[in-house]
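Enquirer: This one is upload_38.txt, compact mmCIF, C-alpha atoms.
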# COMPACT_ATOMS: atom_id res chain seq x y z
CA MET T 1 95.74 82.23 39.05
CA GLN T 2 94.32 85.71 38.92
CA SER T 3 91.63 86.41 41.48
CA GLN T 4 89.63 88.48 39.04
CA LEU T 5 87.82 87.13 36.04
CA SER T 6 89.22 88.03 32.63
CA THR T 7 87.22 90.32 30.38
CA SER T 8 86.16 87.34 28.31
CA ALA T 9 85.03 85.39 31.34
CA LYS T 10 83.08 88.35 32.70
CA LEU T 11 81.49 88.79 29.33
CA GLN T 12 80.38 85.18 29.17
CA ARG T 13 78.47 85.70 32.39
CA ARG T 14 76.61 88.62 30.81
CA LEU T 15 76.45 87.46 27.21
CA PRO T 16 74.72 84.12 26.77
CA ALA T 17 75.49 81.90 23.85
CA CYS T 18 73.08 82.12 20.94
CA GLN T 19 71.13 79.20 22.31
CA ASN T 20 70.45 80.95 25.62
CA ARG T 21 68.81 84.37 25.49
CA GLN T 22 67.54 84.76 29.05
CA VAL T 23 69.94 87.50 30.16
CA LEU T 24 70.64 89.58 27.05
CA ARG T 25 68.86 89.84 23.72
CA VAL T 26 71.43 88.65 21.20
CA HIS T 27 70.56 88.37 17.52
CA CYS T 28 72.85 85.68 16.21
CA ASN T 29 72.28 86.15 12.50
CA SER T 30 70.42 88.26 9.98
CA ALA T 31 67.42 85.95 10.14
CA SER T 32 66.81 86.88 13.77
CA PRO T 33 63.88 89.26 14.20
CA ALA T 34 64.71 92.74 15.47
CA ASP T 35 63.44 93.67 18.89
CA ALA T 36 60.09 95.41 18.77
CA LYS T 37 61.55 98.46 20.52
CA SER T 38 64.69 98.69 18.35
CA VAL T 39 65.52 101.92 16.56
CA PRO T 40 66.83 101.55 13.00
CA VAL T 41 70.23 102.88 12.01
CA PRO T 42 69.65 106.21 10.22
CA SER T 43 70.69 106.22 6.58
CA ASN T 44 71.22 109.97 6.31
CA ALA T 45 71.74 113.10 8.38
CA ALA T 46 68.07 114.09 8.32
CA GLN T 47 67.02 110.76 9.84
CA GLN T 48 69.70 111.06 12.50
CA THR T 49 68.60 114.55 13.57
CA ALA T 50 64.97 113.44 13.69
CA GLN T 51 65.90 110.47 15.89
CA ALA T 52 68.01 112.66 18.15
CA ALA T 53 65.29 115.30 18.58
CA ALA T 54 62.72 112.61 19.45
CA ALA T 55 65.08 110.96 21.96
CA ILE T 56 65.91 114.30 23.60
CA GLU T 57 62.21 115.08 23.92
CA SER T 58 61.51 111.64 25.41
CA ALA T 59 64.29 112.01 27.98
CA TRP T 60 63.23 115.56 28.87
CA ARG T 61 59.63 114.49 29.43
CA ALA T 62 60.99 111.72 31.68
CA GLY T 63 62.68 114.38 33.82
CA SER T 64 66.21 114.53 32.39
CA ARG T 65 67.28 118.18 32.21
CA MET T 66 71.00 117.54 31.59
CA GLN T 67 71.62 115.30 28.60
CA ARG T 68 74.56 114.02 26.58
CA VAL T 69 74.24 113.53 22.83
CA GLU T 70 76.71 111.85 20.49
CA LEU T 71 76.22 112.45 16.77
CA LEU T 72 77.84 110.63 13.86
CA LEU T 73 79.13 113.41 11.65
CA PRO T 74 78.93 113.29 7.85
CA LEU T 75 82.37 113.45 6.29
CA ILE T 76 83.20 116.66 4.46
CA GLY T 77 86.53 117.17 2.70
CA ALA T 78 87.84 113.68 3.52
CA THR T 79 91.01 112.46 1.79
CA ASP T 80 92.61 109.04 1.29
CA LEU T 81 94.86 109.72 4.28
CA ASP T 82 92.60 111.57 6.70
CA ASP T 83 88.85 111.75 7.26
CA TRP T 84 89.25 115.17 8.89
CA PRO T 85 92.30 116.97 7.43
CA GLY T 86 90.96 120.23 8.89
CA GLY T 87 90.71 118.78 12.39
CA ILE T 88 88.10 119.83 14.94
CA ARG T 89 87.19 123.03 13.06
CA GLN T 90 86.24 120.98 10.03
CA GLN T 91 84.18 118.71 12.26
CA PHE T 92 82.41 121.80 13.63
CA LYS T 93 81.33 122.71 10.09
CA ALA T 94 79.86 119.23 9.70
CA ALA T 95 78.19 119.23 13.12
CA GLN T 96 76.72 122.74 13.13
CA PRO T 97 73.80 122.11 10.73
CA LEU T 98 72.91 118.88 12.56
CA VAL T 99 72.88 120.64 15.93
CA GLU T 100 70.85 123.56 14.67
CA ASN T 101 68.26 121.25 13.07
CA ILE T 102 67.92 119.37 16.36
CA LEU T 103 67.57 122.56 18.39
CA ARG T 104 65.07 123.94 15.91
CA ALA T 105 62.86 120.90 16.59
CA VAL T 106 63.42 120.71 20.36
CA LYS T 107 62.67 124.38 21.02
CA GLN T 108 59.17 123.92 19.63
CA LEU T 109 58.27 121.90 22.73
CA GLU T 110 56.12 123.60 25.32
CA GLY T 111 58.38 124.76 28.13
CA LEU T 112 61.45 125.04 25.90
CA GLN T 113 60.32 127.73 23.52
CA GLY T 114 62.23 130.92 22.94
CA PRO T 115 65.08 132.37 20.89
CA LEU T 116 68.61 130.95 21.03
CA GLY T 117 71.78 132.98 20.69
CA ALA T 118 74.95 131.38 19.30
CA GLU T 119 78.46 132.07 20.55
CA ILE T 120 81.95 130.58 20.35
CA TRP T 121 83.48 129.60 23.67
CA ASP T 122 86.85 128.53 22.28
CA GLN T 123 87.95 129.30 18.73
CA GLY T 124 90.92 126.93 18.77
CA ASP T 125 89.00 123.92 20.06
CA ALA T 126 85.81 124.86 18.16
CA VAL T 127 83.62 124.87 21.28
CA GLY T 128 80.28 126.44 20.39
CA ALA T 129 77.20 127.21 22.46
CA TRP T 130 73.57 128.00 21.75
CA LYS T 131 71.85 129.59 24.74
CA GLY T 132 68.34 130.66 25.61
CA ALA T 133 66.25 131.14 28.73
CA LYS T 134 64.80 127.62 28.54
CA LEU T 135 67.18 125.64 26.34
CA ALA T 136 70.95 125.52 25.82
CA ALA T 137 73.43 123.29 24.03
CA VAL T 138 77.23 123.12 23.96
CA LEU T 139 79.01 121.48 21.03
CA PHE T 140 82.46 119.89 21.52
CA PRO T 141 82.87 120.91 25.18
CA THR T 142 86.38 120.33 26.52
CA ALA T 143 88.00 120.07 29.92
CA ASP T 144 89.18 123.67 29.47
CA SER T 145 85.58 124.86 29.04
CA ILE T 146 84.23 122.96 32.06
CA LYS T 147 84.05 126.13 34.20
CA LYS T 148 81.72 127.83 31.72
CA LEU T 149 79.66 124.67 31.45
CA ARG T 150 79.29 124.46 35.23
CA GLU T 151 78.18 128.09 35.38
CA LEU T 152 75.65 127.49 32.64
CA ALA T 153 74.26 124.41 34.38
CA SER T 154 73.96 125.79 37.89
CA GLY T 155 73.85 129.56 37.61
CA PRO T 156 70.79 131.73 38.27
CA SER T 157 69.89 131.63 34.57
CA ALA T 158 70.29 127.87 34.18
CA PRO T 159 68.05 126.57 31.36
CA GLU T 160 65.34 123.97 31.75
CA LEU T 161 67.26 121.67 29.39
CA LEU T 162 71.03 121.64 28.84
CA LEU T 163 72.64 119.45 26.16
CA ILE T 164 76.30 118.60 25.69
CA ILE T 165 76.99 117.32 22.19
CA ASN T 166 80.05 115.25 21.23
CA PRO T 167 82.12 116.15 24.31
CA GLN T 168 85.87 116.06 23.69
CA TRP T 169 87.24 115.24 27.13
CA GLU T 170 88.88 111.94 28.01
CA THR T 171 88.40 110.48 31.48
CA LYS T 172 90.19 107.16 30.94
CA GLY T 173 93.49 107.47 29.12
CA LEU T 174 94.70 104.59 26.99
CA MET T 175 97.90 103.98 28.96
CA LEU T 176 97.54 104.82 32.64
CA GLY T 177 93.92 105.92 32.98
CA GLN T 178 94.76 109.62 32.71
CA SER T 179 91.95 112.13 32.79
CA ASP T 180 91.72 115.49 31.04
CA PHE T 181 90.41 116.79 34.37
CA GLY T 182 93.73 116.27 36.11
CA ILE T 183 94.11 114.52 39.44
CA GLY T 184 92.82 114.61 42.97
CA GLN T 185 89.58 116.22 44.09
CA ARG T 186 89.36 118.42 40.98
CA ARG T 187 89.21 115.31 38.83
CA VAL T 188 86.65 113.66 41.11
CA ASP T 189 84.37 116.70 41.14
CA ASN T 190 84.52 117.37 37.42
CA GLU T 191 84.04 113.76 36.41
CA LYS T 192 81.05 113.54 38.74
CA PHE T 193 79.63 116.65 37.11
CA VAL T 194 80.03 115.47 33.51
CA GLY T 195 78.72 112.06 34.55
CA SER T 196 75.46 113.73 35.58
CA PHE T 197 74.63 114.30 31.91
CA ALA T 198 72.50 111.29 30.97
CA PRO T 199 72.86 109.86 27.45
CA SER T 200 69.68 110.47 25.48
CA TYR T 201 70.94 109.87 21.95
CA TYR T 202 74.15 108.18 20.80
CA LEU T 203 75.28 107.05 17.37
CA LYS T 204 78.87 106.01 16.82
CA GLN T 205 80.76 104.11 14.17
CA LEU T 206 83.31 101.44 15.12
CA ARG T 207 85.67 99.38 13.02
CA VAL T 208 86.19 96.02 14.70
CA TYR T 209 88.60 93.72 12.84
CA GLY T 210 87.21 95.15 9.62
CA ASP T 211 83.53 94.92 10.52
CA ASN T 212 81.60 98.18 10.17
CA VAL T 213 79.63 98.56 13.39
CA ARG T 214 77.14 101.12 14.67
CA VAL T 215 76.35 101.56 18.36
CA LEU T 216 73.00 103.29 18.75
CA LYS T 217 70.90 104.45 21.67
CA ALA T 218 67.75 106.53 21.54
CA HIS T 219 65.87 107.20 24.78
CA PRO T 220 64.02 105.32 26.19
CA GLY T 221 65.47 102.30 24.37
CA ASP T 222 68.44 100.10 25.18
CA TRP T 223 71.89 100.34 23.66
CA GLN T 224 71.89 98.53 20.32
CA VAL T 225 74.76 97.10 18.30
CA TYR T 226 74.42 96.79 14.54
CA VAL T 227 76.80 95.43 11.94
CA LEU T 228 76.53 96.90 8.43
CA ASP T 229 76.90 94.95 5.23
CA ARG T 230 78.47 96.27 2.05
CA LYS T 231 75.06 97.02 0.55
CA GLY T 232 74.17 99.39 3.39
CA GLY T 233 71.92 97.00 5.30
CA ALA T 234 72.12 96.93 9.10
CA ASP T 235 71.82 93.73 11.14
CA LEU T 236 70.95 94.13 14.83
CA ILE T 237 73.26 91.70 16.63
CA GLY T 238 72.69 92.60 20.26
CA THR T 239 71.18 94.97 22.83
CA PHE T 240 72.48 96.10 26.21
CA PRO T 241 70.87 97.88 29.16
CA ASP T 242 74.12 99.88 29.64
CA GLN T 243 76.63 101.25 27.18
CA PRO T 244 78.59 98.34 25.68
CA GLN T 245 82.35 98.32 25.80
CA TYR T 246 84.62 97.41 22.89
CA ALA T 247 85.10 93.91 24.31
CA ASP T 248 81.32 93.42 24.36
CA VAL T 249 81.10 94.23 20.66
CA GLU T 250 84.01 91.91 19.92
CA GLU T 251 82.24 89.05 21.64
CA LEU T 252 79.04 89.63 19.67
CA LEU T 253 80.99 89.58 16.42
CA ARG T 254 82.93 86.49 17.44
CA GLN T 255 79.62 84.62 17.60
CA ARG T 256 78.91 85.45 13.93
CA PRO T 257 80.48 82.97 11.48
CA ASP T 258 80.55 85.61 8.70
CA SER T 259 82.17 88.37 10.75
CA MET T 260 85.48 89.79 9.60
CA MET T 261 87.39 88.51 12.62
CA ASN T 262 86.52 84.97 11.47
CA LYS T 263 87.92 85.53 7.95
CA GLY T 264 91.44 85.05 6.64
CA LEU T 265 93.98 87.87 6.67
CA MET T 266 94.08 88.47 2.91
CA GLU T 267 90.30 88.62 2.64
CA ARG T 268 90.15 91.06 5.54
CA LEU T 269 92.77 93.31 3.96
CA GLU T 270 90.94 93.35 0.64
CA LEU T 271 87.60 94.22 2.25
CA GLU T 272 89.23 96.84 4.45
CA TRP T 273 90.67 98.57 1.37
CA LYS T 274 87.22 98.64 -0.20
CA PHE T 275 85.75 100.07 2.99
CA ASN T 276 88.31 102.87 3.07
CA GLN T 277 87.37 103.82 -0.47
CA ASP T 278 83.65 103.76 0.34
CA SER T 279 84.14 105.75 3.55
CA LEU T 280 85.20 108.79 1.55
CA LYS T 281 81.59 109.03 0.45
CA GLY T 282 80.41 109.57 4.06
CA PRO T 283 79.73 107.52 7.22
CA MET T 284 76.04 106.85 6.56
Rewrite the coordinates I just gave you, this time as structure tokens.

Expert:
Amino acid sequence: MQSQLSTSAKLQRRLPACQNRQVLRVHCNSASPADAKSVPVPSNAAQQTAQAAAAIESAWRAGSRMQRVELLLPLIGATDLDDWPGGIRQQFKAAQPLVENILRAVKQLEGLQGPLGAEIWDQGDAVGAWKGAKLAAVLFPTADSIKKLRELASGPSAPELLLIINPQWETKGLMLGQSDFGIGQRRVDNEKFVGSFAPSYYLKQLRVYGDNVRVLKAHPGDWQVYVLDRKGGADLIGTFPDQPQYADVEELLRQRPDSMMNKGLMERLELEWKFNQDSLKGPM
């Protein structure tokens, strides 16, 4: 017998059944009331940027001067075969107006005011930066741009607030736990550095056995997991104090009788095909 608990067993210790809600707030069906502090899933890009700006402000006022932001990008130029046929440069075109709208709002705050200059750090990887005396943001930072990011964060002209948006590095590879930061002390130091950026806003789409899921966090709230229906409605199915893992989301969905993982194969395939067609219209 293994000495360590399986993922499912560990999860059961954290995730109570629907009848027991003492440890974690779990909404077992659409009739369950949303938590009073829950943040709704944005239905368009403007709502997302407004949420992100408010969360960044909240975290900054709470003392967080190095923040991580994850934005759900609207699809542009998607095809039947590929959401992003133009790769990371196409994603940059989708992300740029969102980032600039957020920065336009954040730099109105007292203590963060001032002009921002834009520059490209890496043309190939589409790493862009907006820098000012008080505020700075880096979009799509990579492991290769970590030196510049370190200099920006700790140099003599370090801003009062530094944002990293949709970072592209991987610290836990799918096979052997590889890291884009290499091995040894270099990996330890760089992962510690990027880990010092606290998440202030996070919105990500997941497909879990055909269910369309959104994971959302907006400071100072908890991490929230929503499942979307085909009409665009969002059902809050659980909240977490820390970022949920994929297995956590699976367990929440397993508790829902109408989730896709509890349907037959043919029905799942049919609904998945419909989702792929709808996804060409955009993620929100």

Enquirer: Expressed in Å to a single decimal, how great is the separation between atom CA of Gln67 of chain T and atom CA of Val225 of chain T?

Expert: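 These two atoms are separated by 21.1 Å.
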
Enquirer: Which protein, DNA or RNA residues are at most 12 Å from (63.0, 123.7, 19.7) in the file's coordinates when you count only C-alpha atoms, listed as a PyMOL selection string?

Expert: chain T and resi 53-54+56-57+99-116+130-132+134-137+161

Enquirer: Take atom CA of Val227 of chain T and atom CA of Asp211 of chain T and report the distance between them in Å, one decimal.

Expert: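 Separating atom CA of Val227 of chain T from atom CA of Asp211 of chain T is a distance of 6.9 Å.
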
Enquirer: When distances are computed from all atoms listed in the file, which of T:Pro85, T:Pro167, T:Pro257, T:Pro241 shows the smallest separation from Leu149 of chain T?

Expert: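 Among the listed residues, the smallest separation from Leu149 of chain T belongs to T:Pro167.
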
Enquirer: Figure out the distance between atom CA of Arg65 of chain T and atom CA of Val188 of chain T, please, to one decimal in Å.

Expert: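 According to the coordinates, atom CA of Val188 of chain T and atom CA of Arg65 of chain T are separated by 21.8 Å.
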
Enquirer: Go through T:Gly221, T:Gly128, T:Gly117, T:Gly63 one by one, measure the shortest atom-to-atom distance of each to Thr239 of chain T using all atoms listed in the file, and give the residue with the smallest value.

Expert: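 The shortest atom-to-atom distance to Thr239 of chain T comes from T:Gly221.
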
Enquirer: Using all atoms listed in the file for the distances, tell me which of T:Pro156, T:Ala143, T:Val208, T:Gln96 is nearest to Ala129 of chain T.

Expert: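 With all atoms listed in the file as the atom set, the closest residue is T:Gln96.
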
Enquirer: With all atoms listed in the file as the basis for distance, which of T:Trp121, T:Trp169, T:Tyr202, T:Phe92 is at the shortest distance from Gln51 of chain T?

Expert: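 Answer, going by the shortest atom-to-atom distance: T:Tyr202.
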
Enquirer: Measuring atom to atom with only C-alpha atoms, identify which of T:Arg89, T:Arg256, T:Arg230, T:Arg187 is nearest to Phe140 of chain T.

Expert: T:Arg89

Enquirer: Return the single residue from T:Ala95, T:Ala158, T:Ala198, T:Leu206 that is closest to Ala218 of chain T, with distances computed using only C-alpha atoms.

Expert: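 Among the listed residues, T:Ala198 lies closest to Ala218 of chain T.
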
Enquirer: Give me, as a list of chain:residue names, all polymer residues having an atom no more than 10 Å from Gln243 of chain T, counting all atoms listed in the file and skipping those fewer than 4 positions away in the same chain.

Expert: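 After dropping sequence-adjacent residues, the list is T:Pro199, T:Tyr202, T:Val215, T:Leu216, T:Lys217, T:Asp222, T:Trp223, T:Gln224, T:Val225, T:Thr239, T:Asp248.
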